[in-house]
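**Q** Dropping in coords19.csv, which is CSV, C-alpha atoms:
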```
chain,number,residue,atom,x,y,z
A,1,MET,CA,-13.5,-4.0,156.3
A,2,HIS,CA,-12.8,-0.3,155.7
A,3,ARG,CA,-10.7,1.6,158.3
A,4,VAL,CA,-11.9,5.0,159.5
A,5,LEU,CA,-9.6,7.2,161.5
A,6,VAL,CA,-11.5,9.6,163.8
A,7,VAL,CA,-9.5,12.7,165.0
A,8,GLU,CA,-11.6,14.4,167.6
A,9,ASP,CA,-10.6,15.9,171.0
A,10,ASP,CA,-14.1,15.9,172.5
A,11,PRO,CA,-14.4,12.4,174.2
A,12,ILE,CA,-18.2,12.4,174.0
A,13,ILE,CA,-18.3,13.0,170.2
A,14,SER,CA,-15.4,10.6,169.7
A,15,LEU,CA,-17.3,7.9,171.5
A,16,GLN,CA,-20.5,8.6,169.6
A,17,LEU,CA,-18.6,8.4,166.3
A,18,GLU,CA,-16.8,5.2,167.3
A,19,MET,CA,-20.1,3.5,168.2
A,20,LEU,CA,-21.9,4.7,165.1
A,21,LEU,CA,-19.1,3.6,162.7
A,22,THR,CA,-18.5,0.3,164.5
A,23,ASN,CA,-22.2,-0.5,164.2
A,24,ARG,CA,-22.0,0.2,160.5
A,25,GLY,CA,-19.2,-2.4,160.1
A,26,TYR,CA,-16.2,-0.1,160.0
A,27,ALA,CA,-12.9,-0.7,161.8
A,28,THR,CA,-12.5,2.5,163.8
A,29,ARG,CA,-9.6,4.1,165.6
A,30,CYS,CA,-10.0,7.4,167.6
A,31,VAL,CA,-7.3,9.8,168.5
A,32,GLY,CA,-7.5,13.2,170.3
A,33,ASN,CA,-4.7,15.4,169.0
A,34,GLY,CA,-2.9,16.4,165.8
A,35,PHE,CA,0.5,14.7,166.4
A,36,THR,CA,-1.1,11.4,167.3
A,37,ALA,CA,-3.3,11.7,164.3
A,38,LEU,CA,-0.3,11.9,161.9
A,39,GLU,CA,1.3,8.9,163.5
A,40,ALA,CA,-1.9,6.9,163.3
A,41,ALA,CA,-2.5,7.9,159.7
A,42,GLU,CA,1.0,6.8,158.6
A,43,SER,CA,1.0,3.5,160.6
A,44,TRP,CA,-2.6,2.4,160.2
A,45,GLN,CA,-3.2,3.7,156.6
A,46,PRO,CA,-6.9,4.4,157.0
A,47,ASP,CA,-9.4,4.3,154.1
A,48,VAL,CA,-10.9,7.6,155.2
A,49,VAL,CA,-10.2,10.3,157.9
A,50,LEU,CA,-12.8,12.2,159.9
A,51,LEU,CA,-10.8,15.2,161.1
A,52,ASP,CA,-11.9,17.9,163.6
A,53,ILE,CA,-10.4,21.4,163.0
A,54,MET,CA,-10.0,22.5,166.6
A,55,LEU,CA,-7.3,20.2,168.0
A,56,PRO,CA,-4.6,20.5,170.7
A,57,GLY,CA,-1.1,20.6,169.4
A,58,LEU,CA,-1.5,20.8,165.6
A,59,SER,CA,-4.7,22.2,164.2
A,60,GLY,CA,-6.8,20.2,161.9
A,61,PHE,CA,-5.7,22.3,158.9
A,62,ASP,CA,-2.0,21.6,159.8
A,63,VAL,CA,-2.8,17.9,160.1
A,64,LEU,CA,-4.6,17.9,156.7
A,65,GLU,CA,-1.7,19.7,154.9
A,66,ARG,CA,0.8,17.1,156.3
A,67,ILE,CA,-1.5,14.2,155.2
A,68,ARG,CA,-1.6,15.6,151.7
A,69,GLU,CA,2.2,15.8,151.6
A,70,ASN,CA,2.4,12.0,152.3
A,71,ASP,CA,2.4,10.1,149.0
A,72,ALA,CA,1.0,7.0,150.8
A,73,LEU,CA,-2.1,9.0,151.8
A,74,VAL,CA,-2.7,11.0,148.6
A,75,LEU,CA,-5.9,9.0,147.8
A,76,THR,CA,-7.2,9.0,151.3
A,77,PRO,CA,-10.4,11.0,151.6
A,78,VAL,CA,-10.3,13.5,154.4
A,79,ILE,CA,-13.6,14.9,155.8
A,80,LEU,CA,-13.3,17.9,158.0
A,81,VAL,CA,-15.8,18.0,160.9
A,82,SER,CA,-16.2,21.4,162.7
A,83,ALA,CA,-18.5,23.7,164.6
A,84,LEU,CA,-17.2,26.5,162.4
A,85,GLY,CA,-19.4,26.8,159.4
A,86,ASP,CA,-18.5,30.1,157.8
A,87,ILE,CA,-17.4,30.3,154.2
A,88,HIS,CA,-13.8,31.3,155.1
A,89,GLU,CA,-13.2,28.2,157.2
A,90,LYS,CA,-14.7,26.0,154.5
A,91,THR,CA,-12.6,27.7,151.8
A,92,ARG,CA,-9.4,27.2,153.9
A,93,GLY,CA,-10.3,23.6,154.4
A,94,PHE,CA,-10.7,22.9,150.7
A,95,GLU,CA,-7.5,24.9,150.0
A,96,CYS,CA,-5.6,22.6,152.4
A,97,GLY,CA,-7.0,19.5,150.4
A,98,ALA,CA,-10.2,18.5,152.2
A,99,ASP,CA,-12.6,16.3,150.3
A,100,ASP,CA,-15.7,17.3,152.3
A,101,TYR,CA,-16.7,19.6,155.2
A,102,ILE,CA,-19.4,18.7,157.8
A,103,VAL,CA,-20.6,21.2,160.3
A,104,LYS,CA,-21.5,20.2,163.8
A,105,PRO,CA,-24.0,19.1,165.0
A,106,PHE,CA,-24.3,16.7,162.1
A,107,ASN,CA,-26.8,14.1,161.0
A,108,SER,CA,-25.5,10.6,161.5
A,109,ALA,CA,-27.2,9.2,158.4
A,110,ASP,CA,-25.9,12.1,156.3
A,111,LEU,CA,-22.4,11.5,157.6
A,112,CYS,CA,-22.5,7.8,156.7
A,113,LEU,CA,-23.8,8.5,153.2
A,114,ARG,CA,-21.0,11.0,152.6
A,115,LEU,CA,-18.4,8.6,154.0
A,116,GLU,CA,-19.7,5.7,151.8
A,117,ALA,CA,-19.7,8.0,148.7
A,118,HIS,CA,-16.1,9.0,149.3
A,119,LEU,CA,-15.0,5.3,149.7
A,120,ARG,CA,-16.8,4.4,146.5
A,121,ARG,CA,-15.0,7.2,144.7
A,122,ARG,CA,-11.7,6.2,146.2
A,123,SER,CA,-12.1,2.7,144.9
A,124,GLN,CA,-13.0,4.0,141.4
A,125,ILE,CA,-9.9,6.1,141.3
A,126,ALA,CA,-7.7,3.3,142.5
A,127,ALA,CA,-9.1,1.0,139.9
A,128,ALA,CA,-8.6,3.5,137.2
A,129,GLN,CA,-5.0,4.0,138.2
A,130,ALA,CA,-4.4,0.3,138.4
A,131,SER,CA,-5.6,-0.2,134.8
A,132,GLN,CA,-3.6,2.8,133.7
A,133,ARG,CA,-6.6,4.6,132.3
A,134,VAL,CA,-6.0,8.2,131.5
A,135,GLU,CA,-9.5,9.4,132.1
A,136,MET,CA,-10.9,9.9,135.6
A,137,PRO,CA,-14.3,8.4,136.7
A,138,SER,CA,-17.3,10.7,135.9
A,139,LEU,CA,-17.7,13.6,138.3
A,140,SER,CA,-19.9,13.5,141.3
A,141,PRO,CA,-20.6,16.2,143.9
A,142,LEU,CA,-18.2,14.5,146.3
A,143,LEU,CA,-14.7,14.8,144.7
A,144,VAL,CA,-12.1,12.8,146.4
A,145,LYS,CA,-8.9,13.0,144.3
A,146,ARG,CA,-7.9,16.6,144.1
A,147,GLN,CA,-5.6,17.2,141.1
A,148,ARG,CA,-5.0,20.9,141.9
A,149,SER,CA,-3.2,21.3,138.6
A,150,GLY,CA,-3.2,25.1,138.8
A,151,ILE,CA,-4.7,26.6,141.9
A,152,PHE,CA,-1.6,26.4,144.1
A,153,ARG,CA,1.1,26.9,141.4
A,154,ARG,CA,2.2,30.5,142.1
A,155,SER,CA,3.6,30.9,138.6
A,156,TYR,CA,0.3,29.9,137.0
A,157,GLN,CA,-1.6,32.4,139.2
A,158,VAL,CA,0.7,35.3,138.4
A,159,THR,CA,1.0,34.6,134.7
A,160,LYS,CA,-2.8,34.2,134.4
A,161,ARG,CA,-3.4,37.5,136.1
A,162,LEU,CA,-0.8,39.2,133.8
A,163,PHE,CA,-2.5,37.5,130.8
A,164,ASP,CA,-5.9,38.9,131.9
A,165,LEU,CA,-4.6,42.4,132.2
A,166,THR,CA,-2.6,42.3,129.0
A,167,VAL,CA,-5.6,41.0,126.9
A,168,CYS,CA,-8.0,43.5,128.4
A,169,LEU,CA,-5.7,46.5,128.1
A,170,LEU,CA,-4.7,45.6,124.5
A,171,THR,CA,-8.3,45.2,123.4
A,172,LEU,CA,-9.6,48.4,125.0
A,173,PRO,CA,-8.8,50.5,121.9
A,174,LEU,CA,-11.1,48.2,120.0
A,175,THR,CA,-13.8,47.6,122.6
A,176,LEU,CA,-14.2,51.1,124.0
A,177,PRO,CA,-15.6,52.6,120.7
A,178,LEU,CA,-17.9,49.6,120.5
A,179,MET,CA,-19.0,50.0,124.1
A,180,LEU,CA,-19.7,53.7,123.5
A,181,LEU,CA,-21.9,52.8,120.5
A,182,ILE,CA,-23.8,50.1,122.4
A,183,ALA,CA,-24.3,52.6,125.3
A,184,GLY,CA,-25.9,55.1,123.0
A,185,LEU,CA,-28.2,52.4,121.5
A,186,VAL,CA,-29.2,51.2,125.0
A,187,LYS,CA,-30.1,54.8,125.9
A,188,LEU,CA,-32.2,55.2,122.8
A,189,ASP,CA,-33.8,51.8,123.1
A,190,SER,CA,-35.6,52.2,126.5
A,191,PRO,CA,-35.6,54.5,129.5
A,192,GLY,CA,-33.2,53.6,132.3
A,193,PRO,CA,-29.5,53.4,133.1
A,194,VAL,CA,-27.1,52.2,130.4
A,195,ILE,CA,-25.1,50.0,132.8
A,196,PHE,CA,-26.8,47.3,134.9
A,197,LYS,CA,-24.9,46.9,138.2
A,198,GLN,CA,-25.5,43.8,140.3
A,199,GLN,CA,-23.9,42.2,143.4
A,200,ARG,CA,-22.3,38.9,142.5
A,201,THR,CA,-20.4,36.3,144.6
A,202,GLY,CA,-16.6,36.1,143.9
A,203,MET,CA,-13.6,34.3,145.2
A,204,GLY,CA,-13.9,33.3,148.9
A,205,GLY,CA,-17.6,34.2,148.9
A,206,ARG,CA,-16.8,38.0,148.7
A,207,ARG,CA,-19.5,40.1,147.1
A,208,PHE,CA,-18.6,42.5,144.4
A,209,THR,CA,-20.4,44.8,141.8
A,210,MET,CA,-20.5,43.3,138.3
A,211,TYR,CA,-21.2,45.4,135.3
A,212,LYS,CA,-23.3,44.6,132.2
A,213,PHE,CA,-25.2,46.6,129.6
A,214,ARG,CA,-28.8,46.8,130.6
A,215,THR,CA,-30.8,44.4,128.4
A,216,MET,CA,-34.1,44.5,130.4
A,217,LEU,CA,-36.9,47.0,131.2
A,218,GLN,CA,-36.1,49.3,134.1
A,219,ASN,CA,-38.7,47.6,136.3
A,220,ALA,CA,-37.6,44.0,135.4
A,221,ASP,CA,-37.0,42.9,139.0
A,222,GLU,CA,-40.4,44.3,140.2
A,223,ILE,CA,-42.3,42.2,137.6
A,224,LYS,CA,-40.1,39.1,137.9
A,225,GLU,CA,-42.5,37.3,140.3
A,226,ALA,CA,-45.2,37.5,137.7
A,227,TYR,CA,-43.2,35.2,135.4
A,228,ALA,CA,-41.8,32.8,138.0
A,229,HIS,CA,-44.0,30.0,136.7
A,230,LEU,CA,-42.1,30.1,133.3
A,231,ASN,CA,-38.7,29.5,134.9
A,232,GLN,CA,-37.0,26.6,133.1
A,233,LEU,CA,-34.1,26.2,135.5
A,234,THR,CA,-33.8,25.1,139.1
A,235,TRP,CA,-34.2,27.9,141.7
A,236,PRO,CA,-32.2,30.1,142.6
A,237,ASP,CA,-31.5,30.2,138.9
A,238,PHE,CA,-34.0,32.2,136.8
A,239,LYS,CA,-34.1,31.9,133.0
A,240,ILE,CA,-37.1,31.9,130.7
A,241,PRO,CA,-37.1,31.8,126.9
A,242,ASP,CA,-38.5,34.9,125.1
A,243,ASP,CA,-38.4,36.8,128.4
A,244,PRO,CA,-40.9,39.7,127.9
A,245,ARG,CA,-38.8,41.8,130.2
A,246,VAL,CA,-35.9,41.9,127.7
A,247,THR,CA,-35.8,44.9,125.4
A,248,PRO,CA,-35.5,44.5,121.6
A,249,LEU,CA,-31.9,45.6,121.6
A,250,GLY,CA,-31.3,43.5,124.7
A,251,LYS,CA,-32.2,40.4,122.7
A,252,ILE,CA,-29.5,41.2,120.2
A,253,LEU,CA,-26.9,42.0,122.9
A,254,ARG,CA,-27.7,38.7,124.8
A,255,LYS,CA,-27.6,36.6,121.6
A,256,THR,CA,-24.1,38.0,120.8
A,257,SER,CA,-23.0,38.2,124.4
A,258,LEU,CA,-22.1,41.9,123.9
A,259,ASP,CA,-23.9,42.8,127.0
A,260,GLU,CA,-21.0,41.2,128.9
A,261,LEU,CA,-18.4,43.6,127.5
A,262,PRO,CA,-18.3,46.0,130.5
A,263,GLN,CA,-17.0,43.1,132.6
A,264,ILE,CA,-13.6,43.8,131.1
A,265,PHE,CA,-13.4,46.4,133.8
A,266,ASN,CA,-14.2,43.8,136.4
A,267,VAL,CA,-11.2,41.8,135.1
A,268,ILE,CA,-8.9,44.8,135.2
A,269,LYS,CA,-10.0,45.6,138.8
A,270,GLY,CA,-9.2,42.0,139.8
A,271,ASP,CA,-12.8,40.9,140.7
A,272,MET,CA,-12.8,38.5,137.8
A,273,SER,CA,-10.6,36.6,135.4
A,274,LEU,CA,-11.1,35.9,131.7
A,275,VAL,CA,-11.7,32.2,132.5
A,276,GLY,CA,-13.3,30.8,135.6
A,277,PRO,CA,-16.7,29.9,137.1
A,278,ARG,CA,-19.4,32.5,136.4
A,279,PRO,CA,-20.2,34.6,139.5
A,280,THR,CA,-23.7,34.0,140.9
A,281,SER,CA,-26.2,36.7,141.9
A,282,PHE,CA,-27.1,34.7,145.0
A,283,ALA,CA,-24.8,34.7,148.0
A,284,ALA,CA,-22.5,31.9,149.1
A,285,ASP,CA,-24.7,31.1,152.1
A,286,THR,CA,-27.3,29.6,149.7
A,287,TYR,CA,-24.8,27.1,148.3
A,288,GLU,CA,-24.7,23.5,149.3
A,289,LEU,CA,-21.5,22.5,151.0
A,290,TRP,CA,-19.9,20.8,148.0
A,291,GLN,CA,-20.7,23.8,145.8
A,292,THR,CA,-18.5,26.1,147.8
A,293,GLU,CA,-15.4,24.6,146.0
A,294,ARG,CA,-16.2,26.9,143.0
A,295,LEU,CA,-15.3,29.9,145.2
A,296,GLU,CA,-11.6,28.8,145.4
A,297,VAL,CA,-10.8,30.8,142.2
A,298,ARG,CA,-11.7,34.2,140.7
A,299,PRO,CA,-15.0,34.0,138.7
A,300,GLY,CA,-14.6,34.4,135.0
A,301,LEU,CA,-16.1,36.0,131.9
A,302,THR,CA,-16.4,32.4,130.6
A,303,GLY,CA,-15.9,28.9,131.7
A,304,LEU,CA,-16.5,25.2,130.9
A,305,TRP,CA,-20.3,25.5,131.2
A,306,GLN,CA,-20.4,28.3,128.6
A,307,ILE,CA,-19.1,25.8,126.0
A,308,ASN,CA,-21.1,22.9,127.4
A,309,GLY,CA,-24.6,24.4,127.2
A,310,ARG,CA,-24.3,28.0,128.3
A,311,ALA,CA,-27.7,29.3,129.4
A,312,ASP,CA,-29.2,25.9,129.0
A,313,THR,CA,-27.3,24.6,132.1
A,314,ASP,CA,-28.7,24.8,135.6
A,315,PHE,CA,-26.6,25.7,138.7
A,316,ARG,CA,-25.9,22.1,139.9
A,317,GLU,CA,-24.6,21.1,136.4
A,318,ARG,CA,-22.6,24.3,136.1
A,319,THR,CA,-21.0,23.7,139.5
A,320,GLU,CA,-19.9,20.2,138.5
A,321,LEU,CA,-18.3,21.7,135.4
A,322,ASP,CA,-16.7,24.5,137.5
A,323,ILE,CA,-15.2,22.0,139.9
A,324,GLU,CA,-13.9,20.0,136.9
A,325,TYR,CA,-12.2,23.2,135.6
A,326,ILE,CA,-10.7,23.9,139.1
A,327,GLU,CA,-9.3,20.4,139.3
A,328,ARG,CA,-7.8,20.5,135.8
A,329,GLN,CA,-7.0,24.1,135.2
A,330,SER,CA,-4.0,24.8,133.0
A,331,TRP,CA,-2.9,27.2,130.2
A,332,ALA,CA,-4.0,24.6,127.6
A,333,LEU,CA,-7.5,24.3,129.1
A,334,ASP,CA,-7.8,28.1,129.5
A,335,LEU,CA,-7.0,28.8,125.9
A,336,ASN,CA,-9.3,26.0,124.7
A,337,ILE,CA,-12.2,27.5,126.7
A,338,LEU,CA,-11.5,31.0,125.3
A,339,PHE,CA,-11.5,29.8,121.7
A,340,SER,CA,-14.5,27.5,122.2
A,341,THR,CA,-16.4,30.3,123.8
A,342,ALA,CA,-15.8,32.5,120.8
A,343,ALA,CA,-17.2,29.7,118.6
A,344,ALA,CA,-20.3,29.3,120.9
A,345,VAL,CA,-20.9,33.1,120.8
A,346,LEU,CA,-20.6,33.2,117.0
A,347,THR,CA,-23.1,30.4,116.6
A,348,GLY,CA,-25.4,31.7,119.4
A,349,ARG,CA,-25.5,28.2,120.9
A,350,GLY,CA,-27.3,28.0,124.3
A,351,SER,CA,-27.9,31.8,124.6
A,352,TYR,CA,-31.3,33.6,124.9
```
Could I get this file's structure written as structure tokens?
**A**
Amino acid sequence: MHRVLVVEDDPIISLQLEMLLTNRGYATRCVGNGFTALEAAESWQPDVVLLDIMLPGLSGFDVLERIRENDALVLTPVILVSALGDIHEKTRGFECGADDYIVKPFNSADLCLRLEAHLRRRSQIAAAQASQRVEMPSLSPLLVKRQRSGIFRRSYQVTKRLFDLTVCLLTLPLTLPLMLLIAGLVKLDSPGPVIFKQQRTGMGGRRFTMYKFRTMLQNADEIKEAYAHLNQLTWPDFKIPDDPRVTPLGKILRKTSLDELPQIFNVIKGDMSLVGPRPTSFAADTYELWQTERLEVRPGLTGLWQINGRADTDFRERTELDIEYIERQSWALDLNILFSTAAAVLTGRGSY
């Protein structure tokens, strides 16, 4: 019988959860403050923890951080339960090591499905470690074991930022003349601005202006709806092959990814990194809960999905690859992605 520790200071919600989980066959223990939660977690060794954020004594975030410092609880899934549903609270929860985040009022069936998914994944990871397998089980939207190989290593963050700046500044003498040439060709190719500016979603859900060379007709957004039936990806993504809105020069720039060159300035400004999840045009409030994990790091010029399908990959699949990158990020992986991206660009694989 799986053990579920419920940490909730509201006695009514605590009772509801206890009745729900007991009826589902779980052994349940309920506590009402942070200090008692830590004692219960250490002595009872639960299989999963449902943890409210707003607690007397220690906050749920503090409890979560201390649980993650306990080697005996490192595999224990922790699901945050809170009435606070904004992106900053969710991001903080994931930074502290949460495996999931549920906003009150919640659906009982959805809660139980998530709980069961985390328990299955915990069993998979434990079995993999017992058999001394190097590879982890295949990714799912609910990620339990959080490797955090790079996110919270201060040295990695600092050196990655220095690397981004160094590469961009050193390549500017080569890329600036090329960008000036492309700018002139874009101006001659079709009427409209040379640079296409668009609001994108960055780290922590913050919106920023991303730069690209314009590759479409000036009224592309106005006529987009007329071609919605040709969309080959899942909404809110929008990609169609042989898009009639793309200019002749734009097709070449997209095929070679030269339209992305102005994003070097986004990297210099600190909005982006060379490697990371690609920033989305749609805001963070359109994300599913599990997808918000991709907002824990700076978005990048390239990422895992660029070398695993590029434009052929829809948002759900891209997010799974983004989360895999976040869990595994390291210098070796970053360099591998950069070199693999160069190969993908040279062959034109996945772009249109």
**Q** Would you list the contacts of range 278-291 of chain A as number ranges by chain, taking every protein, DNA or RNA residue within 6 Å and counting all atoms listed in the file, but skipping same-chain residues closer than 5 positions in sequence?
**A** A: 200-202, 205, 299-300
**Q** Hey, what's within 9 Å of Tyr211 in chain A if we count all atoms listed in the file and toss same-chain stuff fewer than 3 positions away? As a VMD selection string, please?
**A** chain A and resid 195 to 198 260 to 266
**Q** Quote the spacing between CA of Asn336 in chain A and CA of Arg207 in chain A in Å to one decimal place.
**A**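 Taking CA of Asn336 in chain A as the start and CA of Arg207 in chain A as the end point, the length is 28.4 Å.
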**Q** Rounded to one decimal place, report the CA of Ala117 in chain A-CA of Val48 in chain A distance in Å.
**A** 10.9 Å
**Q** Would you mind reading off the distance between CA of Val4 in chain A and CA of Ser123 in chain A, one decimal, in Å?
**A** 14.8 Å
**Q** Which residue out of A:Thr341, A:Thr319, A:Ser14, A:Ser330 has the minimum interatomic distance to Ser155 in chain A when all atoms listed in the file are used?
**A** A:Ser330
**Q** Between A:Phe213, A:Phe339, A:Phe61, A:Phe35, which is the closest to Gly192 in chain A once you count all atoms listed in the file?
**A**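 Counting all atoms listed in the file, the residue closest to Gly192 in chain A is A:Phe213.
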**Q** Please, which residues are within 10 Å of (-27.0, 7.2, 161.5) by the file's coordinates, counting only C-alpha atoms, and could they come as a short mmCIF file (atom, residue, chain, number, x, y, z; two decimals) with C-alpha atoms, in the frame of the given file?
**A**
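Produced file part11.cif, reproduced below:
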```cif
data_model
loop_
_atom_site.label_atom_id
_atom_site.label_comp_id
_atom_site.auth_asym_id
_atom_site.auth_seq_id
_atom_site.Cartn_x
_atom_site.Cartn_y
_atom_site.Cartn_z
CA LEU A 17 -18.60 8.40 166.30
CA LEU A 20 -21.90 4.70 165.10
CA LEU A 21 -19.10 3.60 162.70
CA ASN A 23 -22.20 -0.50 164.20
CA ARG A 24 -22.00 0.20 160.50
CA PHE A 106 -24.30 16.70 162.10
CA ASN A 107 -26.80 14.10 161.00
CA SER A 108 -25.50 10.60 161.50
CA ALA A 109 -27.20 9.20 158.40
CA ASP A 110 -25.90 12.10 156.30
CA LEU A 111 -22.40 11.50 157.60
CA CYS A 112 -22.50 7.80 156.70
CA LEU A 113 -23.80 8.50 153.20
#
```
**Q** Could you tell me which of A:Tyr101, A:Tyr325, A:Trp331, A:Phe208 comes closest to Leu51 in chain A if we count only C-alpha atoms?
**A**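 Among A:Tyr101, A:Tyr325, A:Trp331, A:Phe208, it is A:Tyr101 that comes nearest to Leu51 in chain A.
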**Q** Hey, what's within 9 Å of Arg114 in chain A if we count all atoms listed in the file and toss same-chain stuff fewer than 4 positions away? As a list of chain:residue names, please?
**A** A:Ile79, A:Asp100, A:Ala109, A:Asp110, A:His118, A:Leu119, A:Leu142
**Q** Write out the residues from the selection above, keeping C-alpha atoms, as an mmCIF file, keeping the file's coordinate frame.
**A**
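Saved as selection_34.cif:
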```
data_model
loop_
_atom_site.group_PDB
_atom_site.id
_atom_site.type_symbol
_atom_site.label_atom_id
_atom_site.label_comp_id
_atom_site.auth_asym_id
_atom_site.auth_seq_id
_atom_site.Cartn_x
_atom_site.Cartn_y
_atom_site.Cartn_z
ATOM 1 C CA ILE A 79 -13.600 14.900 155.800
ATOM 2 C CA ASP A 100 -15.700 17.300 152.300
ATOM 3 C CA ALA A 109 -27.200 9.200 158.400
ATOM 4 C CA ASP A 110 -25.900 12.100 156.300
ATOM 5 C CA HIS A 118 -16.100 9.000 149.300
ATOM 6 C CA LEU A 119 -15.000 5.300 149.700
ATOM 7 C CA LEU A 142 -18.200 14.500 146.300
#
```
**Q** Considering all atoms listed in the file, can you say which of A:Ala27, A:Ala41, A:Leu55, A:Ile87 comes closest to Leu73 in chain A?
**A** A:Ala41
**Q** Set the distance at 12 Å and use all atoms listed in the file: which residues neighbour range 168-172 of chain A once local chain neighbours fewer than 2 positions away are removed? I'd like the list as an MDAnalysis selection string.
**A** chainID A and resid 161:166 174:180 261:270 272:274 301
**Q** Can you find the residues with an atom no farther than 10 Å from (-9.3, 7.8, 148.1), counting all atoms listed in the file, and report them as a PyMOL selection string?
**A** chain A and resi 46-48+73-78+99+118-126+143-146
